[in-house]
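Peer 1: Below is the file target_13.tsv, which contains TSV, C-alpha atoms.
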chain	number	residue	atom	x	y	z
A	1	MET	CA	0.00	0.00	0.00
A	2	SER	CA	1.20	3.50	-0.67
A	3	THR	CA	1.89	5.97	2.11
A	4	PRO	CA	-0.44	8.71	3.36
A	5	ASP	CA	1.76	11.33	1.76
A	6	SER	CA	1.20	10.03	-1.79
A	7	VAL	CA	-1.48	10.74	-4.37
A	8	GLU	CA	-1.92	7.00	-4.94
A	9	TYR	CA	-2.96	6.66	-1.30
A	10	THR	CA	-5.77	9.17	-1.66
A	11	ASP	CA	-6.74	7.87	-5.10
A	12	LEU	CA	-7.21	4.46	-3.50
A	13	LEU	CA	-9.21	6.05	-0.68
A	14	LEU	CA	-11.55	7.68	-3.20
A	15	ASN	CA	-11.91	4.41	-5.07
A	16	LEU	CA	-12.72	2.49	-1.88
A	17	MET	CA	-15.27	5.09	-0.80
A	18	GLU	CA	-16.95	4.95	-4.22
A	19	GLN	CA	-17.12	1.15	-3.92
A	20	ARG	CA	-18.64	1.52	-0.46
A	21	LEU	CA	-21.27	3.94	-1.76
A	22	SER	CA	-22.06	1.58	-4.63
A	23	LEU	CA	-22.51	-1.37	-2.27
A	24	LEU	CA	-24.73	0.63	0.06
A	25	ARG	CA	-26.85	1.70	-2.92
A	26	ALA	CA	-27.25	-1.97	-3.82
A	27	ILE	CA	-28.12	-2.96	-0.24
A	28	LEU	CA	-30.78	-0.30	0.39
A	29	PRO	CA	-33.43	-1.67	-1.99
A	30	LEU	CA	-32.89	-5.16	-0.57
A	31	VAL	CA	-33.48	-3.85	2.95
A	32	GLU	CA	-36.66	-2.15	1.75
A	33	GLN	CA	-37.80	-5.41	0.08
A	34	GLN	CA	-36.93	-7.26	3.28
A	35	LYS	CA	-39.19	-4.97	5.27
A	36	ARG	CA	-42.06	-5.51	2.81
A	37	ALA	CA	-41.56	-9.29	2.89
A	38	ILE	CA	-41.76	-9.28	6.68
A	39	HIS	CA	-44.93	-7.17	6.63
A	40	SER	CA	-46.56	-9.50	4.10
A	41	GLU	CA	-45.28	-12.54	6.02
A	42	ASP	CA	-43.72	-13.91	2.83
A	43	SER	CA	-40.95	-16.10	4.21
A	44	ALA	CA	-39.95	-17.47	0.78
A	45	ALA	CA	-39.37	-13.95	-0.55
A	46	LEU	CA	-37.58	-13.00	2.66
A	47	LEU	CA	-35.15	-15.90	2.33
A	48	GLY	CA	-34.42	-14.94	-1.28
A	49	ILE	CA	-33.78	-11.33	-0.31
A	50	LEU	CA	-31.49	-12.35	2.53
A	51	GLY	CA	-29.63	-14.64	0.16
A	52	ARG	CA	-29.01	-11.75	-2.24
A	53	LYS	CA	-28.11	-9.36	0.55
A	54	GLN	CA	-25.59	-11.57	2.34
A	55	PRO	CA	-22.81	-11.45	-0.31
A	56	LEU	CA	-23.14	-7.67	-0.46
A	57	ILE	CA	-22.80	-7.44	3.33
A	58	GLU	CA	-19.73	-9.67	3.19
A	59	GLU	CA	-18.22	-7.53	0.44
A	60	LEU	CA	-18.94	-4.40	2.48
A	61	SER	CA	-17.23	-5.99	5.48
A	62	GLN	CA	-14.12	-6.72	3.42
A	63	LEU	CA	-14.15	-3.18	2.12
A	64	GLN	CA	-14.32	-1.85	5.68
A	65	LEU	CA	-11.13	-3.78	6.43
A	66	GLN	CA	-9.44	-2.10	3.47
A	67	LEU	CA	-10.57	1.28	4.76
A	68	ALA	CA	-9.26	0.65	8.28
A	69	PRO	CA	-5.80	2.21	7.73
A	70	TYR	CA	-7.43	5.47	6.64
A	71	ILE	CA	-9.37	5.83	9.87
A	72	HIS	CA	-6.34	6.49	12.03
A	73	ASP	CA	-4.23	8.63	9.76
A	74	ASN	CA	-4.27	12.41	9.73
A	75	ALA	CA	-6.80	13.46	7.11
A	76	GLU	CA	-5.22	16.89	6.81
A	77	ALA	CA	-1.84	15.36	5.98
A	78	ARG	CA	-3.17	13.42	2.99
A	79	VAL	CA	-1.89	14.46	-0.42
A	80	TRP	CA	-4.58	14.86	-3.06
A	81	LYS	CA	-4.25	15.11	-6.82
A	82	ASP	CA	-6.24	18.34	-6.62
A	83	GLU	CA	-8.84	20.03	-4.47
A	84	ALA	CA	-11.66	18.75	-6.70
A	85	THR	CA	-10.67	15.14	-5.99
A	86	ARG	CA	-10.61	15.86	-2.29
A	87	ALA	CA	-14.04	17.49	-2.47
A	88	GLN	CA	-15.34	14.53	-4.47
A	89	CYS	CA	-14.08	12.09	-1.83
A	90	ARG	CA	-15.65	14.18	0.92
A	91	GLN	CA	-19.00	14.22	-0.92
A	92	VAL	CA	-18.91	10.46	-1.59
A	93	THR	CA	-18.06	9.85	2.06
A	94	GLN	CA	-20.96	12.02	3.25
A	95	LEU	CA	-23.41	10.30	0.90
A	96	ALA	CA	-22.20	6.87	2.01
A	97	THR	CA	-22.45	7.84	5.68
A	98	GLN	CA	-26.03	9.10	5.22
A	99	LEU	CA	-26.99	6.01	3.28
A	100	PHE	CA	-25.40	3.73	5.87
A	101	LYS	CA	-27.36	5.47	8.63
A	102	THR	CA	-30.57	5.11	6.62
A	103	ILE	CA	-29.90	1.39	6.16
A	104	LEU	CA	-29.15	0.90	9.86
A	105	ASP	CA	-32.34	2.73	10.84
A	106	LEU	CA	-34.40	0.71	8.39
A	107	GLU	CA	-32.80	-2.53	9.59
A	108	ALA	CA	-33.59	-1.58	13.19
A	109	THR	CA	-37.27	-0.90	12.46
A	110	THR	CA	-37.45	-4.08	10.38
A	111	LEU	CA	-36.02	-6.06	13.28
A	112	GLU	CA	-38.58	-4.49	15.63
A	113	ASP	CA	-41.39	-5.39	13.20
A	114	ALA	CA	-40.12	-8.96	12.85
A	115	THR	CA	-39.82	-9.31	16.62
A	116	THR	CA	-43.36	-7.98	17.12
A	117	ARG	CA	-44.72	-10.39	14.51
A	118	ARG	CA	-42.78	-13.27	16.06
A	119	ASP	CA	-44.13	-12.47	19.53
A	120	CYS	CA	-47.67	-12.22	18.17
A	121	LEU	CA	-47.31	-15.57	16.41
A	122	GLN	CA	-45.85	-17.11	19.56
A	123	ALA	CA	-48.84	-15.85	21.57
A	124	GLN	CA	-51.24	-17.29	19.00
A	125	LEU	CA	-49.45	-20.65	19.12
A	126	GLN	CA	-49.57	-20.64	22.91
A	127	ASP	CA	-53.31	-19.87	22.84
A	128	GLY	CA	-53.78	-22.76	20.43
A	129	GLN	CA	-51.80	-25.11	22.66
A	130	ASP	CA	-53.78	-23.97	25.70
A	131	SER	CA	-57.03	-24.65	23.83
A	132	ILE	CA	-55.85	-28.13	22.83
A	133	LEU	CA	-54.86	-28.90	26.43
A	134	ALA	CA	-58.20	-27.65	27.75
A	135	HIS	CA	-60.08	-29.67	25.13
A	136	SER	CA	-58.03	-32.77	25.99
A	137	ALA	CA	-58.73	-32.27	29.70
A	138	TYR	CA	-62.48	-32.01	29.11
A	139	ASN	CA	-62.39	-35.11	26.92
A	140	ALA	CA	-60.48	-37.01	29.62
A	141	GLU	CA	-63.02	-35.94	32.26
A	142	SER	CA	-65.85	-37.01	29.99
A	143	VAL	CA	-64.28	-40.45	29.54
A	144	LEU	CA	-63.82	-40.83	33.29
A	145	THR	CA	-67.42	-39.88	34.10
A	146	GLN	CA	-68.74	-42.34	31.53
A	147	SER	CA	-66.62	-45.20	32.86
A	148	SER	CA	-68.22	-48.58	32.97
A	149	LEU	CA	-66.42	-49.60	36.14
A	150	ASP	CA	-68.78	-50.64	38.87
A	151	LEU	CA	-67.38	-49.17	42.01
A	152	GLY	CA	-70.62	-49.29	43.92
A	153	GLU	CA	-71.58	-51.70	46.74
A	154	ALA	CA	-72.32	-55.22	45.87
Now that the file is in, can you turn its structure into structure tokens?

Peer 2:
Amino acid sequence: MSTPDSVEYTDLLLNLMEQRLSLLRAILPLVEQQKRAIHSEDSAALLGILGRKQPLIEELSQLQLQLAPYIHDNAEARVWKDEATRAQCRQVTQLATQLFKTILDLEATTLEDATTRRDCLQAQLQDGQDSILAHSAYNAESVLTQSSLDLGEA
């Protein structure tokens, strides 16, 4: 890797940030589709969406590792080809940051929705199990009261 005091270093930074923005732009519609699939309780569609989203998340994670060295260096000491390139990188970074925040917020609300739906389904299942147990208990009592055993005096 080049050093922070070279143009190649900042050119690579711009390239990585553009890749990050591109990945985030690809992830956002999938997150929106994911939210709709959860609301419509379409688990098949949800699994397909998650399958398409996972490689993008993995690629984003790898990209974050490549960006790690830039986090700790002095941004003011970086050497840029020109001021326009620096401004472009700043703009791409701001767009990516806003998009990332939007995705995180949408993921958080989607998780809340999924959790609420799961809890509601769990409550419905528990009510169903309780009804089955009550029905079974009444059937058992009915069988016992209709027993043909003669327990009376002889």

Peer 1: Tell me which of A:Thr10, A:Thr3, A:Thr109, A:Gln66 sits closest to Arg90 in chain A, counting all atoms listed in the file.

Peer 2: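 For Arg90 in chain A, the nearest of the candidates is A:Thr10.
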
Peer 1: From the options A:Arg20, A:Val92, A:Asp113, A:Ile71, which residue's atoms come nearest to Ala37 in chain A, counting all atoms listed in the file?

Peer 2: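 The closest residue to Ala37 in chain A is A:Asp113.
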
Peer 1: Could you tell me which of A:Leu111, A:Leu21, A:Ala77, A:Leu30 comes closest to Leu95 in chain A if we count only C-alpha atoms?

Peer 2: A:Leu21

Peer 1: Could you give me the centre and size, in Å to one decimal, of an axis-aligned box around all listed atoms of range 49-68 of chain A with 3 Å added on every side, as JSON?

Peer 2:
{"center_x": -21.5, "center_y": -6.7, "center_z": 3.0, "size_x": 30.5, "size_y": 21.9, "size_z": 16.5}

Peer 1: Rounded to one decimal, what separation in Å do you get between CA of Trp80 in chain A and CA of Val7 in chain A?

Peer 2: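 One can read the CA of Trp80 in chain A to CA of Val7 in chain A distance as 5.3 Å.
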
Peer 1: Quote the spacing between CA of Gly51 in chain A and CA of Ala114 in chain A in Å to one decimal place.

Peer 2: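 Computing it gives 17.4 Å between the two atoms.
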
Peer 1: Measure the distance from CA of Ile27 in chain A to CA of Leu67 in chain A in Å and round it to one decimal.

Peer 2: 18.7 Å

Peer 1: Can you pull out every residue within 12 Å of Thr93 in chain A, counting only C-alpha atoms, but drop anything in the same chain fewer than 5 positions away, and send it as a PyMOL selection string?

Peer 2: chain A and resi 13-22+24+67+86-88+98-100

Peer 1: Write the selection just made, keeping C-alpha atoms, as an mmCIF file, keeping the file's coordinate frame?

Peer 2:
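The resulting file, out-v2.cif, is shown below:
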data_model
loop_
_atom_site.group_PDB
_atom_site.id
_atom_site.type_symbol
_atom_site.label_atom_id
_atom_site.label_comp_id
_atom_site.auth_asym_id
_atom_site.auth_seq_id
_atom_site.Cartn_x
_atom_site.Cartn_y
_atom_site.Cartn_z
ATOM 1 C CA LEU A 13 -9.210 6.050 -0.680
ATOM 2 C CA LEU A 14 -11.550 7.680 -3.200
ATOM 3 C CA ASN A 15 -11.910 4.410 -5.070
ATOM 4 C CA LEU A 16 -12.720 2.490 -1.880
ATOM 5 C CA MET A 17 -15.270 5.090 -0.800
ATOM 6 C CA GLU A 18 -16.950 4.950 -4.220
ATOM 7 C CA GLN A 19 -17.120 1.150 -3.920
ATOM 8 C CA ARG A 20 -18.640 1.520 -0.460
ATOM 9 C CA LEU A 21 -21.270 3.940 -1.760
ATOM 10 C CA SER A 22 -22.060 1.580 -4.630
ATOM 11 C CA LEU A 24 -24.730 0.630 0.060
ATOM 12 C CA LEU A 67 -10.570 1.280 4.760
ATOM 13 C CA ARG A 86 -10.610 15.860 -2.290
ATOM 14 C CA ALA A 87 -14.040 17.490 -2.470
ATOM 15 C CA GLN A 88 -15.340 14.530 -4.470
ATOM 16 C CA GLN A 98 -26.030 9.100 5.220
ATOM 17 C CA LEU A 99 -26.990 6.010 3.280
ATOM 18 C CA PHE A 100 -25.400 3.730 5.870
#

Peer 1: Up to 12 Å from (-24.2, -7.2, 4.3) in the file's coordinates: name the residues, counting only C-alpha atoms, as a PyMOL selection string.

Peer 2: chain A and resi 20+23-28+30-31+49-64+100+103-104+107

Peer 1: Considering only C-alpha atoms, state which residue in the set A:Asp11, A:Asp5, A:Glu41, A:Asp105 is at the smallest distance from Thr85 in chain A.

Peer 2: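 Of the candidates, the smallest distance to Thr85 in chain A is held by A:Asp11.
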
Peer 1: Taking all atoms listed in the file into account, name the residue in A:Thr102, A:Thr110, A:Gln122, A:Ser131 that is nearest to His39 in chain A.

Peer 2: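 Among the listed residues, the smallest separation from His39 in chain A belongs to A:Thr110.
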